[in-house]
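Next comes target21.tsv, with TSV, N, CA and C atoms.
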chain	number	residue	atom	x	y	z
A	1	GLN	N	20.40	-5.07	2.32
A	1	GLN	CA	19.69	-4.08	1.52
A	1	GLN	C	18.19	-4.27	1.69
A	2	VAL	N	17.49	-3.17	1.95
A	2	VAL	CA	16.05	-3.24	2.14
A	2	VAL	C	15.37	-3.48	0.80
A	3	GLN	N	14.39	-4.37	0.82
A	3	GLN	CA	13.68	-4.69	-0.42
A	3	GLN	C	12.20	-4.93	-0.14
A	4	LEU	N	11.35	-4.40	-1.03
A	4	LEU	CA	9.91	-4.63	-0.96
A	4	LEU	C	9.48	-5.21	-2.30
A	5	VAL	N	8.71	-6.28	-2.26
A	5	VAL	CA	8.27	-6.93	-3.48
A	5	VAL	C	6.76	-7.13	-3.43
A	6	GLU	N	6.07	-6.47	-4.36
A	6	GLU	CA	4.62	-6.57	-4.44
A	6	GLU	C	4.21	-7.76	-5.32
A	7	SER	N	3.03	-8.28	-5.04
A	7	SER	CA	2.46	-9.33	-5.88
A	7	SER	C	0.94	-9.28	-5.74
A	8	GLY	N	0.25	-9.98	-6.65
A	8	GLY	CA	-1.19	-10.10	-6.54
A	8	GLY	C	-1.99	-9.26	-7.50
A	9	GLY	N	-1.32	-8.44	-8.28
A	9	GLY	CA	-2.04	-7.63	-9.25
A	9	GLY	C	-2.57	-8.48	-10.40
A	10	GLY	N	-3.38	-7.85	-11.25
A	10	GLY	CA	-3.92	-8.57	-12.39
A	10	GLY	C	-5.08	-7.84	-13.01
A	11	LEU	N	-5.80	-8.56	-13.86
A	11	LEU	CA	-6.96	-8.03	-14.55
A	11	LEU	C	-8.22	-8.57	-13.89
A	12	VAL	N	-9.15	-7.69	-13.59
A	12	VAL	CA	-10.38	-8.08	-12.92
A	12	VAL	C	-11.53	-7.24	-13.47
A	13	GLN	N	-12.72	-7.78	-13.43
A	13	GLN	CA	-13.88	-7.03	-13.89
A	13	GLN	C	-14.40	-6.09	-12.80
A	14	THR	N	-15.14	-5.10	-13.22
A	14	THR	CA	-15.77	-4.18	-12.27
A	14	THR	C	-16.58	-4.97	-11.24
A	15	GLY	N	-16.37	-4.60	-9.97
A	15	GLY	CA	-17.05	-5.28	-8.88
A	15	GLY	C	-16.27	-6.43	-8.30
A	16	GLY	N	-15.18	-6.79	-8.94
A	16	GLY	CA	-14.36	-7.90	-8.47
A	16	GLY	C	-13.43	-7.52	-7.34
A	17	SER	N	-12.63	-8.50	-6.94
A	17	SER	CA	-11.71	-8.31	-5.81
A	17	SER	C	-10.32	-8.81	-6.16
A	18	LEU	N	-9.34	-8.20	-5.51
A	18	LEU	CA	-7.96	-8.65	-5.57
A	18	LEU	C	-7.33	-8.43	-4.21
A	19	ARG	N	-6.33	-9.24	-3.89
A	19	ARG	CA	-5.54	-8.99	-2.69
A	19	ARG	C	-4.08	-8.85	-3.10
A	20	LEU	N	-3.55	-7.69	-2.78
A	20	LEU	CA	-2.14	-7.42	-3.03
A	20	LEU	C	-1.33	-7.78	-1.79
A	21	SER	N	-0.13	-8.26	-2.02
A	21	SER	CA	0.81	-8.55	-0.94
A	21	SER	C	2.10	-7.81	-1.18
A	22	CYS	N	2.78	-7.48	-0.11
A	22	CYS	CA	4.08	-6.82	-0.20
A	22	CYS	C	4.99	-7.48	0.82
A	23	ALA	N	5.99	-8.20	0.33
A	23	ALA	CA	6.93	-8.89	1.20
A	23	ALA	C	8.16	-8.03	1.41
A	24	ALA	N	8.55	-7.86	2.66
A	24	ALA	CA	9.69	-7.01	3.01
A	24	ALA	C	10.86	-7.84	3.51
A	25	SER	N	12.05	-7.35	3.22
A	25	SER	CA	13.26	-8.00	3.73
A	25	SER	C	14.33	-6.94	3.93
A	26	GLY	N	15.29	-7.25	4.82
A	26	GLY	CA	16.44	-6.39	4.99
A	26	GLY	C	16.30	-5.30	6.02
A	27	ARG	N	15.18	-5.25	6.70
A	27	ARG	CA	14.99	-4.20	7.71
A	27	ARG	C	14.02	-4.74	8.73
A	28	SER	N	14.03	-4.17	9.92
A	28	SER	CA	13.11	-4.60	10.98
A	28	SER	C	11.70	-4.16	10.61
A	29	PHE	N	11.00	-5.02	9.89
A	29	PHE	CA	9.70	-4.70	9.32
A	29	PHE	C	8.72	-4.17	10.37
A	30	SER	N	8.70	-4.80	11.52
A	30	SER	CA	7.69	-4.48	12.52
A	30	SER	C	7.90	-3.11	13.16
A	31	SER	N	9.01	-2.45	12.88
A	31	SER	CA	9.28	-1.13	13.46
A	31	SER	C	8.77	0.02	12.60
A	32	TYR	N	8.30	-0.30	11.39
A	32	TYR	CA	7.97	0.75	10.43
A	32	TYR	C	6.52	0.68	9.98
A	33	ALA	N	5.89	1.85	9.92
A	33	ALA	CA	4.60	1.94	9.25
A	33	ALA	C	4.78	1.65	7.76
A	34	MET	N	3.71	1.17	7.15
A	34	MET	CA	3.74	0.82	5.73
A	34	MET	C	2.59	1.49	5.00
A	35	GLY	N	2.81	1.76	3.75
A	35	GLY	CA	1.76	2.39	2.96
A	35	GLY	C	1.60	1.76	1.59
A	36	TRP	N	0.42	1.92	1.03
A	36	TRP	CA	0.15	1.56	-0.36
A	36	TRP	C	-0.17	2.85	-1.12
A	37	PHE	N	0.42	2.98	-2.27
A	37	PHE	CA	0.16	4.11	-3.16
A	37	PHE	C	-0.16	3.54	-4.54
A	38	ARG	N	-0.72	4.37	-5.40
A	38	ARG	CA	-0.98	3.93	-6.75
A	38	ARG	C	-0.73	5.07	-7.74
A	39	GLN	N	-0.44	4.68	-8.96
A	39	GLN	CA	-0.20	5.67	-10.01
A	39	GLN	C	-1.02	5.28	-11.23
A	40	PRO	N	-2.15	5.97	-11.43
A	40	PRO	CA	-2.97	5.70	-12.62
A	40	PRO	C	-2.25	6.16	-13.88
A	41	PRO	N	-2.63	5.66	-15.03
A	41	PRO	CA	-1.97	6.06	-16.28
A	41	PRO	C	-2.02	7.57	-16.48
A	42	GLY	N	-0.87	8.17	-16.71
A	42	GLY	CA	-0.81	9.60	-16.99
A	42	GLY	C	-1.02	10.51	-15.80
A	43	LYS	N	-1.05	9.93	-14.60
A	43	LYS	CA	-1.28	10.75	-13.41
A	43	LYS	C	-0.17	10.57	-12.39
A	44	GLU	N	-0.18	11.40	-11.37
A	44	GLU	CA	0.83	11.33	-10.33
A	44	GLU	C	0.50	10.20	-9.33
A	45	ARG	N	1.52	9.79	-8.64
A	45	ARG	CA	1.34	8.78	-7.61
A	45	ARG	C	0.48	9.35	-6.49
A	46	GLU	N	-0.44	8.53	-5.98
A	46	GLU	CA	-1.35	9.01	-4.94
A	46	GLU	C	-1.47	8.00	-3.80
A	47	PHE	N	-1.78	8.53	-2.64
A	47	PHE	CA	-1.94	7.72	-1.45
A	47	PHE	C	-3.20	6.86	-1.54
A	48	VAL	N	-3.08	5.62	-1.07
A	48	VAL	CA	-4.22	4.72	-1.03
A	48	VAL	C	-4.56	4.34	0.41
A	49	ALA	N	-3.57	3.80	1.12
A	49	ALA	CA	-3.81	3.33	2.49
A	49	ALA	C	-2.50	3.22	3.23
A	50	ALA	N	-2.58	3.27	4.55
A	50	ALA	CA	-1.39	3.12	5.38
A	50	ALA	C	-1.76	2.43	6.68
A	51	ILE	N	-0.75	1.81	7.27
A	51	ILE	CA	-0.97	1.09	8.53
A	51	ILE	C	0.22	1.37	9.45
A	52	SER	N	-0.07	1.57	10.71
A	52	SER	CA	0.98	1.87	11.68
A	52	SER	C	1.89	0.67	11.88
A	53	TRP	N	3.01	0.90	12.56
A	53	TRP	CA	3.99	-0.16	12.75
A	53	TRP	C	3.41	-1.34	13.52
A	54	SER	N	2.49	-1.07	14.43
A	54	SER	CA	1.90	-2.13	15.23
A	54	SER	C	0.69	-2.76	14.56
A	55	GLY	N	0.16	-2.06	13.58
A	55	GLY	CA	-1.07	-2.52	12.94
A	55	GLY	C	-2.34	-2.03	13.61
A	56	SER	N	-2.19	-1.24	14.66
A	56	SER	CA	-3.37	-0.82	15.43
A	56	SER	C	-4.11	0.34	14.78
A	57	SER	N	-3.44	1.07	13.88
A	57	SER	CA	-4.07	2.22	13.22
A	57	SER	C	-3.97	2.07	11.71
A	58	THR	N	-5.06	2.40	11.04
A	58	THR	CA	-5.09	2.35	9.58
A	58	THR	C	-5.68	3.65	9.04
A	59	TYR	N	-5.31	3.97	7.81
A	59	TYR	CA	-5.73	5.22	7.18
A	59	TYR	C	-6.02	4.93	5.72
A	60	TYR	N	-7.03	5.61	5.18
A	60	TYR	CA	-7.44	5.36	3.81
A	60	TYR	C	-7.73	6.66	3.07
A	61	ALA	N	-7.46	6.63	1.79
A	61	ALA	CA	-7.92	7.73	0.93
A	61	ALA	C	-9.44	7.63	0.82
A	62	ASP	N	-10.08	8.78	0.66
A	62	ASP	CA	-11.54	8.79	0.57
A	62	ASP	C	-12.04	7.92	-0.57
A	63	ALA	N	-11.27	7.86	-1.66
A	63	ALA	CA	-11.71	7.13	-2.85
A	63	ALA	C	-11.82	5.63	-2.63
A	64	VAL	N	-11.13	5.12	-1.60
A	64	VAL	CA	-11.13	3.67	-1.39
A	64	VAL	C	-11.74	3.26	-0.06
A	65	LYS	N	-12.09	4.24	0.75
A	65	LYS	CA	-12.63	3.94	2.07
A	65	LYS	C	-13.90	3.09	1.96
A	66	GLY	N	-13.95	2.04	2.75
A	66	GLY	CA	-15.10	1.15	2.71
A	66	GLY	C	-14.97	0.02	1.69
A	67	ARG	N	-14.00	0.12	0.79
A	67	ARG	CA	-13.80	-0.92	-0.23
A	67	ARG	C	-12.47	-1.65	-0.06
A	68	PHE	N	-11.44	-0.93	0.39
A	68	PHE	CA	-10.09	-1.50	0.56
A	68	PHE	C	-9.79	-1.66	2.04
A	69	THR	N	-9.00	-2.69	2.34
A	69	THR	CA	-8.55	-2.92	3.71
A	69	THR	C	-7.07	-3.23	3.71
A	70	ILE	N	-6.32	-2.47	4.51
A	70	ILE	CA	-4.89	-2.72	4.67
A	70	ILE	C	-4.68	-3.51	5.95
A	71	SER	N	-3.74	-4.43	5.91
A	71	SER	CA	-3.41	-5.22	7.10
A	71	SER	C	-1.95	-5.63	7.01
A	72	ARG	N	-1.43	-6.13	8.10
A	72	ARG	CA	-0.04	-6.57	8.10
A	72	ARG	C	0.12	-7.78	9.00
A	73	ASP	N	1.10	-8.60	8.65
A	73	ASP	CA	1.49	-9.75	9.46
A	73	ASP	C	2.97	-9.59	9.75
A	74	ASN	N	3.29	-9.11	10.92
A	74	ASN	CA	4.69	-8.83	11.24
A	74	ASN	C	5.53	-10.10	11.35
A	75	ALA	N	4.88	-11.21	11.65
A	75	ALA	CA	5.62	-12.47	11.71
A	75	ALA	C	6.07	-12.92	10.32
A	76	LYS	N	5.32	-12.49	9.29
A	76	LYS	CA	5.66	-12.85	7.92
A	76	LYS	C	6.30	-11.70	7.16
A	77	ASN	N	6.52	-10.58	7.82
A	77	ASN	CA	7.11	-9.40	7.16
A	77	ASN	C	6.33	-9.03	5.90
A	78	THR	N	5.03	-9.03	6.01
A	78	THR	CA	4.18	-8.82	4.84
A	78	THR	C	3.04	-7.86	5.17
A	79	VAL	N	2.75	-6.99	4.21
A	79	VAL	CA	1.60	-6.10	4.32
A	79	VAL	C	0.67	-6.43	3.15
A	80	TYR	N	-0.62	-6.32	3.40
A	80	TYR	CA	-1.62	-6.70	2.41
A	80	TYR	C	-2.54	-5.53	2.09
A	81	LEU	N	-3.13	-5.59	0.92
A	81	LEU	CA	-4.19	-4.66	0.56
A	81	LEU	C	-5.31	-5.46	-0.08
A	82	GLN	N	-6.40	-5.64	0.67
A	82	GLN	CA	-7.57	-6.32	0.13
A	82	GLN	C	-8.43	-5.29	-0.57
A	83	MET	N	-8.71	-5.53	-1.84
A	83	MET	CA	-9.46	-4.56	-2.65
A	83	MET	C	-10.74	-5.22	-3.12
A	84	ASN	N	-11.86	-4.68	-2.67
A	84	ASN	CA	-13.18	-5.19	-3.06
A	84	ASN	C	-13.94	-4.14	-3.85
A	85	SER	N	-14.99	-4.57	-4.51
A	85	SER	CA	-15.85	-3.66	-5.29
A	85	SER	C	-15.02	-2.77	-6.20
A	86	LEU	N	-14.11	-3.38	-6.92
A	86	LEU	CA	-13.19	-2.61	-7.75
A	86	LEU	C	-13.91	-1.89	-8.88
A	87	LYS	N	-13.38	-0.72	-9.22
A	87	LYS	CA	-13.94	0.14	-10.25
A	87	LYS	C	-12.87	0.39	-11.32
A	88	PRO	N	-13.28	0.76	-12.52
A	88	PRO	CA	-12.29	1.08	-13.56
A	88	PRO	C	-11.29	2.16	-13.12
A	89	GLU	N	-11.75	3.10	-12.31
A	89	GLU	CA	-10.86	4.17	-11.86
A	89	GLU	C	-9.82	3.70	-10.85
A	90	ASP	N	-9.91	2.45	-10.41
A	90	ASP	CA	-8.87	1.88	-9.55
A	90	ASP	C	-7.70	1.35	-10.37
A	91	THR	N	-7.82	1.36	-11.68
A	91	THR	CA	-6.74	0.89	-12.55
A	91	THR	C	-5.49	1.74	-12.34
A	92	ALA	N	-4.39	1.08	-12.01
A	92	ALA	CA	-3.14	1.78	-11.70
A	92	ALA	C	-2.04	0.77	-11.42
A	93	VAL	N	-0.83	1.27	-11.35
A	93	VAL	CA	0.26	0.49	-10.77
A	93	VAL	C	0.25	0.77	-9.27
A	94	TYR	N	0.22	-0.29	-8.49
A	94	TYR	CA	0.17	-0.17	-7.04
A	94	TYR	C	1.54	-0.45	-6.44
A	95	TYR	N	1.95	0.45	-5.55
A	95	TYR	CA	3.26	0.36	-4.90
A	95	TYR	C	3.10	0.26	-3.39
A	96	CYS	N	3.90	-0.56	-2.77
A	96	CYS	CA	3.99	-0.49	-1.31
A	96	CYS	C	5.27	0.26	-0.95
A	97	ALA	N	5.26	0.83	0.23
A	97	ALA	CA	6.37	1.65	0.67
A	97	ALA	C	6.52	1.57	2.18
A	98	SER	N	7.75	1.76	2.63
A	98	SER	CA	8.06	1.72	4.05
A	98	SER	C	8.38	3.12	4.54
A	99	LEU	N	7.79	3.51	5.66
A	99	LEU	CA	8.01	4.85	6.20
A	99	LEU	C	9.46	5.03	6.63
A	100	LYS	N	9.96	6.25	6.56
A	100	LYS	CA	11.33	6.54	6.96
A	100	LYS	C	11.57	6.36	8.44
A	101	TYR	N	10.55	6.62	9.25
A	101	TYR	CA	10.74	6.75	10.69
A	101	TYR	C	10.24	5.50	11.42
A	102	THR	N	10.95	5.12	12.45
A	102	THR	CA	10.50	3.96	13.23
A	102	THR	C	9.44	4.36	14.25
A	103	TYR	N	8.58	3.44	14.54
A	103	TYR	CA	7.55	3.59	15.57
A	103	TYR	C	6.71	4.85	15.38
A	104	TYR	N	6.42	5.12	14.12
A	104	TYR	CA	5.55	6.25	13.78
A	104	TYR	C	4.27	5.70	13.22
A	105	ARG	N	3.16	6.43	13.44
A	105	ARG	CA	1.88	5.83	13.04
A	105	ARG	C	1.80	5.62	11.54
A	106	SER	N	1.99	6.66	10.75
A	106	SER	CA	2.00	6.53	9.29
A	106	SER	C	1.99	7.93	8.69
A	107	SER	N	1.92	7.97	7.35
A	107	SER	CA	1.83	9.24	6.65
A	107	SER	C	1.12	9.01	5.32
A	108	THR	N	0.49	10.05	4.82
A	108	THR	CA	-0.14	9.98	3.50
A	108	THR	C	0.76	10.59	2.42
A	109	GLN	N	1.93	11.06	2.81
A	109	GLN	CA	2.81	11.79	1.90
A	109	GLN	C	3.93	10.90	1.36
A	110	THR	N	4.13	10.91	0.05
A	110	THR	CA	5.17	10.07	-0.54
A	110	THR	C	6.55	10.44	0.00
A	111	ARG	N	6.78	11.71	0.33
A	111	ARG	CA	8.11	12.15	0.77
A	111	ARG	C	8.51	11.53	2.11
A	112	ASP	N	7.56	10.98	2.83
A	112	ASP	CA	7.87	10.38	4.13
A	112	ASP	C	8.24	8.91	4.03
A	113	TYR	N	8.23	8.37	2.84
A	113	TYR	CA	8.57	6.96	2.62
A	113	TYR	C	9.90	6.87	1.88
A	114	ASP	N	10.78	6.01	2.34
A	114	ASP	CA	12.11	5.97	1.73
A	114	ASP	C	12.42	4.67	1.01
A	115	VAL	N	11.60	3.67	1.14
A	115	VAL	CA	11.82	2.41	0.43
A	115	VAL	C	10.53	2.06	-0.31
A	116	TRP	N	10.67	1.76	-1.60
A	116	TRP	CA	9.52	1.49	-2.45
A	116	TRP	C	9.71	0.18	-3.19
A	117	GLY	N	8.61	-0.52	-3.41
A	117	GLY	CA	8.65	-1.67	-4.29
A	117	GLY	C	8.59	-1.23	-5.74
A	118	ARG	N	8.65	-2.20	-6.64
A	118	ARG	CA	8.62	-1.90	-8.07
A	118	ARG	C	7.21	-1.75	-8.61
A	119	GLY	N	6.24	-2.16	-7.85
A	119	GLY	CA	4.86	-2.00	-8.25
A	119	GLY	C	4.26	-3.24	-8.89
A	120	THR	N	2.92	-3.30	-8.83
A	120	THR	CA	2.18	-4.37	-9.47
A	120	THR	C	0.96	-3.76	-10.17
A	121	GLN	N	0.71	-4.18	-11.38
A	121	GLN	CA	-0.36	-3.59	-12.18
A	121	GLN	C	-1.72	-4.17	-11.80
A	122	VAL	N	-2.66	-3.27	-11.59
A	122	VAL	CA	-4.06	-3.65	-11.37
A	122	VAL	C	-4.89	-3.01	-12.48
A	123	THR	N	-5.62	-3.83	-13.20
A	123	THR	CA	-6.45	-3.33	-14.28
A	123	THR	C	-7.88	-3.80	-14.05
A	124	VAL	N	-8.81	-2.84	-14.01
A	124	VAL	CA	-10.21	-3.15	-13.78
A	124	VAL	C	-10.97	-2.83	-15.06
A	125	SER	N	-11.57	-3.85	-15.64
A	125	SER	CA	-12.29	-3.66	-16.90
A	125	SER	C	-13.75	-3.36	-16.62
A	126	SER	N	-14.33	-2.54	-17.50
A	126	SER	CA	-15.73	-2.15	-17.31
A	126	SER	C	-16.68	-3.10	-18.04

If you convert what's in this file into structure tokens, what do you get?
Amino acid sequence: QVQLVESGGGLVQTGGSLRLSCAASGRSFSSYAMGWFRQPPGKEREFVAAISWSGSSTYYADAVKGRFTISRDNAKNTVYLQMNSLKPEDTAVYYCASLKYTYYRSSTQTRDYDVWGRGTQVTVSS
């Protein structure tokens, strides 16, 4: 059974940093693009960042570009999200997800991801 488990969330002050990790098991991790999404309180889930199956291509939402960095270690079956210069509006539950299709670059659409983690809470205080 495919499983994704996020970790690394927490409470941080404005301007601080966190690194989220997502450990994958049960599927050929290196064959699938991965994405990070977030769901702020009372809002819909939104795209944050994605990385191709090889790690050679990355994509970011405008709101996080220049502050967040997505990366992956295929040997460890893990994808990361380094978050710097955090703002209160970054407060959300963060989810990692695995793309449905193998050897595809990535997608910004939730409908293209078929496996999701349970999420990790990130809270940025002002």

Long-range neighbours of stretch 30-32 of chain A as a short mmCIF file (atom, residue, chain, number, x, y, z; two decimals) with N, CA and C atoms, in the frame of the given file, 8 Å cut-off, only C-alpha atoms, 4 positions minimum in chain:
data_model
loop_
_atom_site.label_atom_id
_atom_site.label_comp_id
_atom_site.auth_asym_id
_atom_site.auth_seq_id
_atom_site.Cartn_x
_atom_site.Cartn_y
_atom_site.Cartn_z
N SER A 52 -0.07 1.57 10.71
CA SER A 52 0.98 1.87 11.68
C SER A 52 1.89 0.67 11.88
N TRP A 53 3.01 0.90 12.56
CA TRP A 53 3.99 -0.16 12.75
C TRP A 53 3.41 -1.34 13.52
N SER A 54 2.49 -1.07 14.43
CA SER A 54 1.90 -2.13 15.23
C SER A 54 0.69 -2.76 14.56
N ASN A 74 3.29 -9.11 10.92
CA ASN A 74 4.69 -8.83 11.24
C ASN A 74 5.53 -10.10 11.35
N ASN A 77 6.52 -10.58 7.82
CA ASN A 77 7.11 -9.40 7.16
C ASN A 77 6.33 -9.03 5.90
N SER A 98 7.75 1.76 2.63
CA SER A 98 8.06 1.72 4.05
C SER A 98 8.38 3.12 4.54
N LEU A 99 7.79 3.51 5.66
CA LEU A 99 8.01 4.85 6.20
C LEU A 99 9.46 5.03 6.63
N LYS A 100 9.96 6.25 6.56
CA LYS A 100 11.33 6.54 6.96
C LYS A 100 11.57 6.36 8.44
N TYR A 101 10.55 6.62 9.25
CA TYR A 101 10.74 6.75 10.69
C TYR A 101 10.24 5.50 11.42
N THR A 102 10.95 5.12 12.45
CA THR A 102 10.50 3.96 13.23
C THR A 102 9.44 4.36 14.25
N TYR A 103 8.58 3.44 14.54
CA TYR A 103 7.55 3.59 15.57
C TYR A 103 6.71 4.85 15.38
N TYR A 104 6.42 5.12 14.12
CA TYR A 104 5.55 6.25 13.78
C TYR A 104 4.27 5.70 13.22
#

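Our summary of the geometry notes that atom CA of A:Thr69 is positioned 5.0 Å from atom CA of A:Gln82.
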
Straight-line distance linking atom N of A:Gly9 with atom CA of A:Gly35, stated in Å to one decimal: 15.9 Å

Test item: residues at most 8 Å from A:Gly26, only C-alpha atoms, excluding those fewer than 2 positions along its chain, as a PyMOL selection string: chain A and resi 1-3+24+28

Among chain A, which ones does DSSP place in strand (DSSP E or B), written as a PyMOL selection string? chain A and resi 3-7+10-13+18-25+32-39+46-51+58-60+68-73+78-83+92-102+113-116+120-125

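When atom CA of A:Leu86 is paired with atom C of A:Ser21, their separation reads 17.4 Å.
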